[in-house]
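> Right, I'll just put the structure down here and ask away after.
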Amino acid sequence: MRKSLQFIVTAVFLFVQQPFLTAASRAPVRAHHGIVVSDDPIAARTGMEILQRGGNAIDAAVAVAFTMAVTYPEAGNIGGGGFMVVRLANGTTETIDFREKAPAAATQNMYLDEHGNFLPEKSTYGHLSTGVPGSVAGLLLALEKFGTMKRADLLQPAVTFAENGFPLTYEMAEKFKRVVPEFSKFPASMKQFTKNGVPYGEGDLFKQPDLAATLRRIQEYGHDGFYSGKTADMIAAEMKRGGGLISKEDLLSYEPVMREPVRGTYRGYEIISMGPSSSGGTALIQILNILEGYDVQSLGWNSAREVHLLAETMRRVFADRAEFLGDADFVKVPLPWLLSKKYADERRATIDSLRATPSSAISHGIPPAHESDQTTHFSIVDKDGNCVSVTTTLNGLFGSKVVVDGAGFLLNNEMDDFSAKPGAPNMDGLVGSTANAIVPEKRMLSSMSPTIVLKEGKPFMVLGARGSSRIITSVAQVIINVVDFHMNIQEAVDAPRIHQQWLPDKIFSEERGLSPDTVEKLKAMGYDVDTHSYSAIVNAVLINVQDGFLFGAPDARGSGEAAGY
Ligand code: DON
């Protein structure tokens, strides 16, 4: 009797202490006013301080992004590009496409040998793999359009971290060490990321004086501090030295673009996400549209039947991605048709509810004639309800591995996101068609999916991820986990995920993500299941529409942080 009373008291105590107890995750970070969820704890705290000083979510996003170029160099960048989705408290929605572009001298077959074979190393490593960077232009445009603070103040934390240095974590020092063989071909990269050739260790102070000087030029001259003058001269000289294509004219003519977001709905929730030149938002909405026709909740989370429906949906959407998606400034992307519920109904009708359809039997849909035609994500909400969702990248870990000599920053290897040869997989195993072929000044197709979800017209979730093609399927699964399975945001982010991308014809599951008997059932349905795969790293905020509390969830797979106040 006494024992059971004690049990009840303990249970009530635990519940009162932690009303958000979850099956497998810690509770999300709760904040009253504003929150920043980022892969990098230093940047998350920097962003929160900007919010506390009265800056809005866009100000914080600019400070976070520039800080990450210093404190999270594997993906944070000024030499890469990305996408921003904004929803202002007054209801305005906007996206900024600051994706890299192919240099003017790029050619369709630049990564093929004389026999027409694709040479993947050329598109992933070194100077030739770099697209014209967009990050600085995109962030400064966001600040000009939606920010409230001074450029110099928002860049200052980044300058200070670059000048004074910061102690390296074990993970970061190990990552630097791992890439030394690839850095070793480039003296400026060795200078930046080693101590005269000796790898940095945990706790070493990591200073970047050249980068600090570059950031100071941006602080002082804005866009021109990067795209012309000394920085541009150094980029062009670096390109010449290493046989790259980016010229001073390419830099001068780079412009970020403000575009309408793509929009959809999922069981009454509104989805606002990134349109082309990312495939992310389009594919995300297509996945949700198809799944909406199933009662996935009744099948049970992660059951073989639910995984089957997810996989079949993803397979069909990625077949469309490969055929239709590319830079809409260069190719006609049949967006209204792809995003329509009617097309989702047609695609859903081809799914056998009990068996896998081999990818060889699935092709892209046929549009109606009249329509023919190493990354990092952070999510920010401020005290007024402005929401910003940003994904930015150098593509691979440390991008092309090339540091611009004298300027102290890494260049991206984003050219690999083009389809260098129809049907030849890129480093993410993705295939494409002419829609994503290399054309001078075209943007390469992305999977980045910065997204904002509304409930009853009010911001409900701000999320996105790193992880290439897995970004799309991970963002979809986090939304499904919240909407269909009522998980709290941390649990929804941490829960094991699966991935299917049409080709290769496999379900990818994280280690221990599926039980052995679920795998057996899936195999019996006709699937090839890879149970040793990985997933994306999602960073999300959920806003409780009733009381306005903000819940931040950095993915347990990474070492990020939610910093709120
Ligand atoms: O734009 C894209 O889809 C890729 N360049 C993203 C690369 C990525 O997410 C790598 N992340 N860890």
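By convention in this document, the chains of the structure tokens carry letters A, B, ... by their order, each chain's residues are numbered from 1, and ligands are numbered from 1 in the order they are shown.
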Compile a residue-level contact table for chain A against ligand 1 at a cut-off of 9 Å, reporting for every qualifying residue the shortest atom pair and its distance in Å to one decimal, with only C-alpha atoms and all ligand atoms counted, rows ordered by chain and ascending number, as a tab-separated table.

residue	atom	partner	partner_atom_place_in_ligand_line	distance
A:Ala75	CA	ligand 1	12 (N)	7.7
A:Gly81	CA	ligand 1	1 (O)	8.6
A:Gly82	CA	ligand 1	1 (O)	7.5
A:Arg99	CA	ligand 1	1 (O)	8.2
A:Ser278	CA	ligand 1	1 (O)	7.1
A:Ser279	CA	ligand 1	3 (O)	8.1
A:Gly280	CA	ligand 1	3 (O)	7.8
A:Gln374	CA	ligand 1	10 (C)	3.3
A:Thr375	CA	ligand 1	11 (N)	4.0
A:Thr376	CA	ligand 1	11 (N)	6.8
A:His377	CA	ligand 1	9 (O)	9.0
A:Thr391	CA	ligand 1	9 (O)	8.6
A:Thr392	CA	ligand 1	6 (C)	8.1
A:Thr393	CA	ligand 1	7 (C)	6.3
A:Leu394	CA	ligand 1	5 (N)	6.9
A:Asn395	CA	ligand 1	5 (N)	3.9
A:Gly396	CA	ligand 1	10 (C)	5.4
A:Leu397	CA	ligand 1	12 (N)	6.9
A:Asn412	CA	ligand 1	5 (N)	9.0
A:Asn413	CA	ligand 1	5 (N)	8.1
A:Glu414	CA	ligand 1	5 (N)	5.8
A:Met415	CA	ligand 1	5 (N)	8.8
A:Asp416	CA	ligand 1	5 (N)	7.9
A:Asp417	CA	ligand 1	5 (N)	6.0
A:Asp428	CA	ligand 1	7 (C)	8.2
A:Met444	CA	ligand 1	1 (O)	7.9
A:Leu445	CA	ligand 1	1 (O)	6.6
A:Ser446	CA	ligand 1	1 (O)	3.5
A:Ser447	CA	ligand 1	3 (O)	3.6
A:Met448	CA	ligand 1	3 (O)	4.9
A:Ser449	CA	ligand 1	3 (O)	8.5
A:Ala465	CA	ligand 1	9 (O)	7.3
A:Arg466	CA	ligand 1	9 (O)	4.1
A:Gly467	CA	ligand 1	9 (O)	3.6
A:Ser468	CA	ligand 1	9 (O)	3.6
A:Ser469	CA	ligand 1	3 (O)	6.1
A:Arg470	CA	ligand 1	9 (O)	7.9
A:Ile471	CA	ligand 1	9 (O)	6.8
A:Ala536	CA	ligand 1	12 (N)	7.2
A:Ile537	CA	ligand 1	12 (N)	7.8
> Taking 4 positions as the minimum chain separation for residues in the same chain, which residues sit within 6 Å of Ile452 in chain A when counting only C-alpha atoms? Answer as an MDAnalysis selection string.
chainID A and resid 272 461:462
> Restricting the output to C-alpha atoms, write the selected residues as an mmCIF file, in the first residue's frame.

data_model
loop_
_atom_site.group_PDB
_atom_site.id
_atom_site.type_symbol
_atom_site.label_atom_id
_atom_site.label_comp_id
_atom_site.auth_asym_id
_atom_site.auth_seq_id
_atom_site.Cartn_x
_atom_site.Cartn_y
_atom_site.Cartn_z
ATOM 1 C CA ILE A 272 5.111 27.266 -46.819
ATOM 2 C CA MET A 461 6.430 24.963 -36.925
ATOM 3 C CA VAL A 462 9.678 26.335 -38.352
#
> Excluding Ile380 in chain A and its own-chain neighbours fewer than 5 positions away, which residues fall within 7 Å of it when counting only C-alpha atoms? Please give them as JSON, numbers by chain.
{"A": [35, 36, 37, 57, 387, 388, 389]}
> Write the residues of the selection above to a file with all heavy atoms, as a PDB file, in the first residue's frame.

ATOM      1  N   ILE A  35      13.519  32.239 -29.883  1.00  0.00           N
ATOM      2  CA  ILE A  35      14.331  31.020 -29.847  1.00  0.00           C
ATOM      3  C   ILE A  35      15.111  30.864 -31.149  1.00  0.00           C
ATOM      4  O   ILE A  35      14.635  31.261 -32.221  1.00  0.00           O
ATOM      5  CB  ILE A  35      13.437  29.785 -29.557  1.00  0.00           C
ATOM      6  CG1 ILE A  35      14.276  28.584 -29.089  1.00  0.00           C
ATOM      7  CG2 ILE A  35      12.583  29.419 -30.759  1.00  0.00           C
ATOM      8  CD1 ILE A  35      13.465  27.543 -28.342  1.00  0.00           C
ATOM      9  N   VAL A  36      16.303  30.298 -31.027  1.00  0.00           N
ATOM     10  CA  VAL A  36      17.145  29.993 -32.181  1.00  0.00           C
ATOM     11  C   VAL A  36      17.577  28.544 -32.043  1.00  0.00           C
ATOM     12  O   VAL A  36      18.116  28.164 -31.003  1.00  0.00           O
ATOM     13  CB  VAL A  36      18.417  30.873 -32.194  1.00  0.00           C
ATOM     14  CG1 VAL A  36      19.291  30.548 -33.402  1.00  0.00           C
ATOM     15  CG2 VAL A  36      18.068  32.355 -32.157  1.00  0.00           C
ATOM     16  N   VAL A  37      17.343  27.738 -33.062  1.00  0.00           N
ATOM     17  CA  VAL A  37      17.802  26.345 -33.036  1.00  0.00           C
ATOM     18  C   VAL A  37      18.790  26.158 -34.176  1.00  0.00           C
ATOM     19  O   VAL A  37      18.439  26.338 -35.340  1.00  0.00           O
ATOM     20  CB  VAL A  37      16.636  25.343 -33.179  1.00  0.00           C
ATOM     21  CG1 VAL A  37      17.121  23.925 -32.908  1.00  0.00           C
ATOM     22  CG2 VAL A  37      15.495  25.689 -32.243  1.00  0.00           C
ATOM     23  N   ALA A  57      13.795  38.403 -35.940  1.00  0.00           N
ATOM     24  CA  ALA A  57      14.269  37.072 -36.347  1.00  0.00           C
ATOM     25  C   ALA A  57      15.214  37.163 -37.547  1.00  0.00           C
ATOM     26  O   ALA A  57      16.142  36.348 -37.674  1.00  0.00           O
ATOM     27  CB  ALA A  57      13.074  36.185 -36.675  1.00  0.00           C
ATOM     28  N   CYS A 387       9.079  34.665 -38.211  1.00  0.00           N
ATOM     29  CA  CYS A 387       9.716  33.344 -38.300  1.00  0.00           C
ATOM     30  C   CYS A 387      10.694  33.326 -39.480  1.00  0.00           C
ATOM     31  O   CYS A 387      10.354  33.804 -40.572  1.00  0.00           O
ATOM     32  CB  CYS A 387       8.687  32.264 -38.580  1.00  0.00           C
ATOM     33  SG  CYS A 387       7.414  32.171 -37.342  1.00  0.00           S
ATOM     34  N   VAL A 388      11.849  32.733 -39.264  1.00  0.00           N
ATOM     35  CA  VAL A 388      12.829  32.602 -40.340  1.00  0.00           C
ATOM     36  C   VAL A 388      13.351  31.174 -40.353  1.00  0.00           C
ATOM     37  O   VAL A 388      13.717  30.616 -39.317  1.00  0.00           O
ATOM     38  CB  VAL A 388      14.009  33.579 -40.142  1.00  0.00           C
ATOM     39  CG1 VAL A 388      15.031  33.389 -41.245  1.00  0.00           C
ATOM     40  CG2 VAL A 388      13.536  35.011 -40.140  1.00  0.00           C
ATOM     41  N   SER A 389      13.388  30.599 -41.529  1.00  0.00           N
ATOM     42  CA  SER A 389      13.857  29.230 -41.723  1.00  0.00           C
ATOM     43  C   SER A 389      14.965  29.292 -42.784  1.00  0.00           C
ATOM     44  O   SER A 389      14.701  29.719 -43.915  1.00  0.00           O
ATOM     45  CB  SER A 389      12.667  28.415 -42.226  1.00  0.00           C
ATOM     46  OG  SER A 389      12.903  27.050 -42.198  1.00  0.00           O
TER      47      SER A 389
END
> Check range 24-60 of chain A with DSSP on the backbone and list each residue it calls strand (DSSP E or B), as a ChimeraX atom specification.
/A:29-31,35-38
> What does the file look like for those residues with N, CA and C atoms, as a PDB file, in the first residue's frame?

ATOM      1  N   VAL A  29      13.475  22.344 -25.622  1.00  0.00           N
ATOM      2  CA  VAL A  29      13.807  23.579 -24.896  1.00  0.00           C
ATOM      3  C   VAL A  29      12.615  24.535 -25.016  1.00  0.00           C
ATOM      4  N   ARG A  30      12.185  25.072 -23.890  1.00  0.00           N
ATOM      5  CA  ARG A  30      10.988  25.933 -23.904  1.00  0.00           C
ATOM      6  C   ARG A  30      11.397  27.388 -23.706  1.00  0.00           C
ATOM      7  N   ALA A  31      10.808  28.273 -24.475  1.00  0.00           N
ATOM      8  CA  ALA A  31      11.134  29.695 -24.340  1.00  0.00           C
ATOM      9  C   ALA A  31       9.855  30.520 -24.395  1.00  0.00           C
ATOM     10  N   ILE A  35      13.519  32.239 -29.883  1.00  0.00           N
ATOM     11  CA  ILE A  35      14.331  31.020 -29.847  1.00  0.00           C
ATOM     12  C   ILE A  35      15.111  30.864 -31.149  1.00  0.00           C
ATOM     13  N   VAL A  36      16.303  30.298 -31.027  1.00  0.00           N
ATOM     14  CA  VAL A  36      17.145  29.993 -32.181  1.00  0.00           C
ATOM     15  C   VAL A  36      17.577  28.544 -32.043  1.00  0.00           C
ATOM     16  N   VAL A  37      17.343  27.738 -33.062  1.00  0.00           N
ATOM     17  CA  VAL A  37      17.802  26.345 -33.036  1.00  0.00           C
ATOM     18  C   VAL A  37      18.790  26.158 -34.176  1.00  0.00           C
ATOM     19  N   SER A  38      20.026  25.830 -33.818  1.00  0.00           N
ATOM     20  CA  SER A  38      21.089  25.779 -34.824  1.00  0.00           C
ATOM     21  C   SER A  38      22.007  24.590 -34.548  1.00  0.00           C
TER      22      SER A  38
END
> I'd like to know which of A:Trp502, A:Ile438, A:Lys342, A:Gly429 is closest to Ala319 in chain A, using only C-alpha atoms.
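Closest to Ala319 in chain A of all the choices is A:Trp502.
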> With distances taken over only C-alpha atoms, which residue among A:Ala212, A:Ala311, A:Val545, A:Val538 lies nearest Gly457 in chain A?
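Of A:Ala212, A:Ala311, A:Val545, A:Val538, the one nearest Gly457 in chain A is A:Val545, counting only C-alpha atoms.
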> Using only C-alpha atoms, which of A:Arg512, A:Arg259, A:Arg178, A:His127 sits nearest Arg241 in chain A?
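Residue with the minimum atom-to-atom distance to Arg241 in chain A: A:His127.
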> Just want the 12 Å neighbourhood of Lys240 in chain A, counted on only C-alpha atoms, with same-chain residues fewer than 5 positions away dropped. Output as a PyMOL selection string.
chain A and resi 127-128+233-235+245-248+404-405
> In Å, rounded to a single decimal, give me how far CA of Ala562 in chain A is from CA of Gly34 in chain A.
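Between these atoms lies a distance of 10.4 Å.
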> For each of A:Arg267, A:Arg316, A:Arg45, A:Lys185, take the minimum atom-to-atom distance to Ala63 in chain A, counting only C-alpha atoms, then give the residue where this is smallest.
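Between A:Arg267, A:Arg316, A:Arg45, A:Lys185, the residue approaching Ala63 in chain A most closely is A:Arg45.
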> Can you work out which one of A:Lys195, A:Glu441, A:His308, A:Gly229 has the shortest atom-to-atom distance to Ala104 in chain A, counting only C-alpha atoms?
A:Glu441
> Determine, counting only C-alpha atoms, which protein, DNA and RNA residues have an atom within 12 Å of an atom of Val331 in chain A; residues of the same chain fewer than 2 positions away are not included. Present the result as a ChimeraX atom specification.
/A:276-277,323-329,333-335,372-373,433-439,442-445
> Could you save the residues just selected, with N, CA, C and O atoms, as a CSV table (one decimal), in the first residue's frame?

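Generated file (out.csv):
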chain,number,residue,atom,x,y,z
A,276,PRO,N,11.7,26.2,-56.6
A,276,PRO,CA,12.9,26.1,-57.4
A,276,PRO,C,13.7,27.4,-57.3
A,276,PRO,O,13.1,28.5,-57.2
A,277,SER,N,15.0,27.4,-57.2
A,277,SER,CA,15.9,26.3,-57.6
A,277,SER,C,16.1,25.2,-56.6
A,277,SER,O,17.0,24.4,-56.8
A,323,GLU,N,13.0,14.3,-63.1
A,323,GLU,CA,12.6,14.7,-64.5
A,323,GLU,C,12.3,16.2,-64.6
A,323,GLU,O,12.8,16.8,-65.6
A,324,PHE,N,11.6,16.7,-63.7
A,324,PHE,CA,11.1,18.1,-63.9
A,324,PHE,C,11.8,19.2,-63.2
A,324,PHE,O,11.6,20.4,-63.5
A,325,LEU,N,12.5,18.9,-62.1
A,325,LEU,CA,13.0,20.0,-61.3
A,325,LEU,C,14.3,20.5,-61.7
A,325,LEU,O,15.3,19.7,-62.0
A,326,GLY,N,14.4,21.8,-61.8
A,326,GLY,CA,15.7,22.5,-62.1
A,326,GLY,C,15.4,24.0,-61.9
A,326,GLY,O,14.4,24.4,-61.3
A,327,ASP,N,16.4,24.8,-62.3
A,327,ASP,CA,16.3,26.3,-62.1
A,327,ASP,C,15.2,26.8,-62.9
A,327,ASP,O,15.3,26.8,-64.2
A,328,ALA,N,14.1,27.3,-62.3
A,328,ALA,CA,12.9,27.7,-63.1
A,328,ALA,C,13.2,29.0,-63.9
A,328,ALA,O,12.4,29.4,-64.8
A,329,ASP,N,14.4,29.6,-63.7
A,329,ASP,CA,14.7,30.8,-64.6
A,329,ASP,C,15.2,30.2,-65.9
A,329,ASP,O,15.4,31.0,-66.9
A,333,VAL,N,9.3,24.6,-65.1
A,333,VAL,CA,9.0,23.5,-64.1
A,333,VAL,C,7.4,23.6,-63.9
A,333,VAL,O,6.9,24.6,-63.6
A,334,PRO,N,6.7,22.4,-64.2
A,334,PRO,CA,5.3,22.5,-64.1
A,334,PRO,C,4.8,22.4,-62.7
A,334,PRO,O,4.1,21.5,-62.2
A,335,LEU,N,5.0,23.5,-62.0
A,335,LEU,CA,4.7,23.6,-60.5
A,335,LEU,C,3.3,23.4,-60.1
A,335,LEU,O,3.0,22.5,-59.3
A,372,SER,N,3.0,21.9,-70.4
A,372,SER,CA,4.3,21.3,-70.6
A,372,SER,C,5.5,22.4,-70.4
A,372,SER,O,5.5,23.4,-70.9
A,373,ASP,N,5.6,22.2,-70.4
A,373,ASP,CA,6.7,23.1,-70.1
A,373,ASP,C,8.0,22.4,-69.4
A,373,ASP,O,7.9,21.3,-69.2
A,433,SER,N,17.9,15.0,-65.1
A,433,SER,CA,17.7,15.0,-66.6
A,433,SER,C,18.2,16.4,-67.1
A,433,SER,O,18.8,17.1,-66.4
A,434,THR,N,17.7,16.7,-68.3
A,434,THR,CA,18.1,18.0,-68.9
A,434,THR,C,17.6,19.2,-68.0
A,434,THR,O,18.2,20.2,-68.1
A,435,ALA,N,16.5,19.0,-67.3
A,435,ALA,CA,16.0,20.1,-66.5
A,435,ALA,C,17.1,20.6,-65.5
A,435,ALA,O,17.1,21.8,-65.2
A,436,ASN,N,18.0,19.7,-65.2
A,436,ASN,CA,19.1,20.2,-64.2
A,436,ASN,C,20.5,20.0,-64.9
A,436,ASN,O,21.5,19.8,-64.2
A,437,ALA,N,20.5,20.2,-66.2
A,437,ALA,CA,21.8,20.1,-66.9
A,437,ALA,C,22.6,21.4,-66.6
A,437,ALA,O,22.0,22.4,-66.3
A,438,ILE,N,23.9,21.3,-66.8
A,438,ILE,CA,24.7,22.5,-66.5
A,438,ILE,C,24.6,23.5,-67.7
A,438,ILE,O,24.7,23.2,-68.9
A,439,VAL,N,24.2,24.8,-67.3
A,439,VAL,CA,24.2,25.9,-68.3
A,439,VAL,C,24.8,27.1,-67.6
A,439,VAL,O,24.6,27.3,-66.4
A,442,LYS,N,23.3,29.2,-64.6
A,442,LYS,CA,22.1,28.6,-64.1
A,442,LYS,C,22.4,28.1,-62.6
A,442,LYS,O,23.5,27.8,-62.3
A,443,ARG,N,21.3,28.0,-61.8
A,443,ARG,CA,21.4,27.5,-60.4
A,443,ARG,C,21.2,26.0,-60.5
A,443,ARG,O,20.3,25.5,-61.1
A,444,MET,N,22.1,25.3,-59.7
A,444,MET,CA,22.0,23.9,-59.7
A,444,MET,C,20.9,23.5,-58.7
A,444,MET,O,20.6,24.2,-57.8
A,445,LEU,N,20.2,22.4,-59.0
A,445,LEU,CA,19.0,22.0,-58.2
A,445,LEU,C,19.4,21.6,-56.8
A,445,LEU,O,20.4,20.9,-56.6
> State, in Å with one decimal place, the distance from CA of Glu174 in chain A to CA of Phe378 in chain A.
23.1 Å
> Which residue gives the smallest distance to Leu430 in chain A among A:Ser474, A:Phe318, A:Asp494, A:Ile351, with only C-alpha atoms counted?
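Under the stated criterion, the closest residue is A:Phe318.
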> What is the CA of Ser533 in chain A to CA of Phe176 in chain A distance in Å?
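For CA of Ser533 in chain A relative to CA of Phe176 in chain A, the distance reads 23.2 Å.
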> Please return as a ChimeraX atom specification: the residues of range 360-488 of chain A that backbone DSSP assigns to helix (DSSP H, G or I).
/A:360-361,369-371,414-417,434-436,469-483
> Any chance you can output those residues with N, CA and C atoms as an mmCIF file, in the first residue's frame?

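Generated output (out03.cif):
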data_model
loop_
_atom_site.group_PDB
_atom_site.id
_atom_site.type_symbol
_atom_site.label_atom_id
_atom_site.label_comp_id
_atom_site.auth_asym_id
_atom_site.auth_seq_id
_atom_site.Cartn_x
_atom_site.Cartn_y
_atom_site.Cartn_z
ATOM 1 N N SER A 360 12.057 0.532 -61.307
ATOM 2 C CA SER A 360 12.130 0.390 -62.765
ATOM 3 C C SER A 360 10.732 0.488 -63.385
ATOM 4 N N ALA A 361 9.703 0.222 -62.581
ATOM 5 C CA ALA A 361 8.338 0.289 -63.116
ATOM 6 C C ALA A 361 7.706 1.652 -62.877
ATOM 7 N N ALA A 369 -0.946 18.709 -71.273
ATOM 8 C CA ALA A 369 -0.312 19.380 -72.414
ATOM 9 C C ALA A 369 -0.176 20.888 -72.202
ATOM 10 N N HIS A 370 -1.210 21.528 -71.641
ATOM 11 C CA HIS A 370 -1.166 22.992 -71.554
ATOM 12 C C HIS A 370 -0.113 23.462 -70.546
ATOM 13 N N GLU A 371 0.450 22.543 -69.776
ATOM 14 C CA GLU A 371 1.447 22.991 -68.799
ATOM 15 C C GLU A 371 2.856 22.536 -69.133
ATOM 16 N N GLU A 414 29.339 22.976 -55.009
ATOM 17 C CA GLU A 414 27.924 22.854 -55.350
ATOM 18 C C GLU A 414 27.693 22.418 -56.788
ATOM 19 N N MET A 415 28.697 22.528 -57.657
ATOM 20 C CA MET A 415 28.481 22.152 -59.061
ATOM 21 C C MET A 415 28.053 20.688 -59.170
ATOM 22 N N ASP A 416 28.375 19.883 -58.135
ATOM 23 C CA ASP A 416 27.982 18.465 -58.150
ATOM 24 C C ASP A 416 26.456 18.290 -58.053
ATOM 25 N N ASP A 417 25.749 19.341 -57.662
ATOM 26 C CA ASP A 417 24.289 19.224 -57.593
ATOM 27 C C ASP A 417 23.633 19.356 -58.970
ATOM 28 N N THR A 434 17.734 16.698 -68.296
ATOM 29 C CA THR A 434 18.147 17.979 -68.873
ATOM 30 C C THR A 434 17.640 19.169 -68.049
ATOM 31 N N ALA A 435 16.550 18.976 -67.295
ATOM 32 C CA ALA A 435 16.040 20.101 -66.479
ATOM 33 C C ALA A 435 17.128 20.624 -65.546
ATOM 34 N N ASN A 436 18.032 19.742 -65.157
ATOM 35 C CA ASN A 436 19.093 20.155 -64.220
ATOM 36 C C ASN A 436 20.481 20.031 -64.860
ATOM 37 N N SER A 469 19.471 14.712 -50.175
ATOM 38 C CA SER A 469 18.130 14.254 -50.545
ATOM 39 C C SER A 469 17.316 13.859 -49.314
ATOM 40 N N ARG A 470 17.985 13.447 -48.256
ATOM 41 C CA ARG A 470 17.285 13.053 -47.029
ATOM 42 C C ARG A 470 16.634 14.239 -46.320
ATOM 43 N N ILE A 471 17.010 15.453 -46.710
ATOM 44 C CA ILE A 471 16.374 16.642 -46.121
ATOM 45 C C ILE A 471 14.864 16.572 -46.361
ATOM 46 N N ILE A 472 14.503 16.303 -47.610
ATOM 47 C CA ILE A 472 13.087 16.354 -48.004
ATOM 48 C C ILE A 472 12.287 15.326 -47.217
ATOM 49 N N THR A 473 12.786 14.097 -47.181
ATOM 50 C CA THR A 473 12.017 13.024 -46.544
ATOM 51 C C THR A 473 12.039 13.183 -45.021
ATOM 52 N N SER A 474 13.090 13.787 -44.486
ATOM 53 C CA SER A 474 13.149 13.981 -43.029
ATOM 54 C C SER A 474 12.175 15.068 -42.595
ATOM 55 N N VAL A 475 12.152 16.175 -43.336
ATOM 56 C CA VAL A 475 11.211 17.251 -42.981
ATOM 57 C C VAL A 475 9.783 16.706 -43.063
ATOM 58 N N ALA A 476 9.495 15.914 -44.096
ATOM 59 C CA ALA A 476 8.153 15.331 -44.231
ATOM 60 C C ALA A 476 7.830 14.462 -43.010
ATOM 61 N N GLN A 477 8.787 13.620 -42.593
ATOM 62 C CA GLN A 477 8.496 12.709 -41.481
ATOM 63 C C GLN A 477 8.325 13.449 -40.154
ATOM 64 N N VAL A 478 9.076 14.542 -39.967
ATOM 65 C CA VAL A 478 8.899 15.309 -38.723
ATOM 66 C C VAL A 478 7.487 15.922 -38.701
ATOM 67 N N ILE A 479 7.029 16.439 -39.833
ATOM 68 C CA ILE A 479 5.673 17.010 -39.886
ATOM 69 C C ILE A 479 4.635 15.914 -39.612
ATOM 70 N N ILE A 480 4.833 14.758 -40.219
ATOM 71 C CA ILE A 480 3.887 13.644 -40.015
ATOM 72 C C ILE A 480 3.904 13.202 -38.546
ATOM 73 N N ASN A 481 5.097 13.149 -37.957
ATOM 74 C CA ASN A 481 5.197 12.733 -36.546
ATOM 75 C C ASN A 481 4.399 13.653 -35.632
ATOM 76 N N VAL A 482 4.417 14.941 -35.951
ATOM 77 C CA VAL A 482 3.675 15.902 -35.112
ATOM 78 C C VAL A 482 2.180 15.839 -35.431
ATOM 79 N N VAL A 483 1.855 15.909 -36.725
ATOM 80 C CA VAL A 483 0.438 16.025 -37.109
ATOM 81 C C VAL A 483 -0.311 14.710 -36.920
#
> Using only C-alpha atoms, which protein or nucleic acid residues come within 7 Å of Phe409 in chain A? Drop anything in the same chain fewer than 3 positions from it, and give the result as a count of residues only.
4
> Mind checking which residues fall within 9 Å of Glu121 in chain A, counting only C-alpha atoms, ignoring those fewer than 5 positions away in the same chain, and posting them as a ChimeraX atom specification?
/A:111,126,129
> Could I get the residues of range 291-361 of chain A with an atom no further than 9 Å from an atom of range 513-519 of chain A, each paired with its nearest atom pair and that distance in Å to one decimal, using only C-alpha atoms, sorted by chain and residue number, as JSON lines?

{"residue": "A:Asn302", "atom": "CA", "partner": "A:Leu514", "partner_atom": "CA", "distance": 7.3}
{"residue": "A:Ser303", "atom": "CA", "partner": "A:Thr518", "partner_atom": "CA", "distance": 6.7}
{"residue": "A:Ala304", "atom": "CA", "partner": "A:Thr518", "partner_atom": "CA", "distance": 5.3}
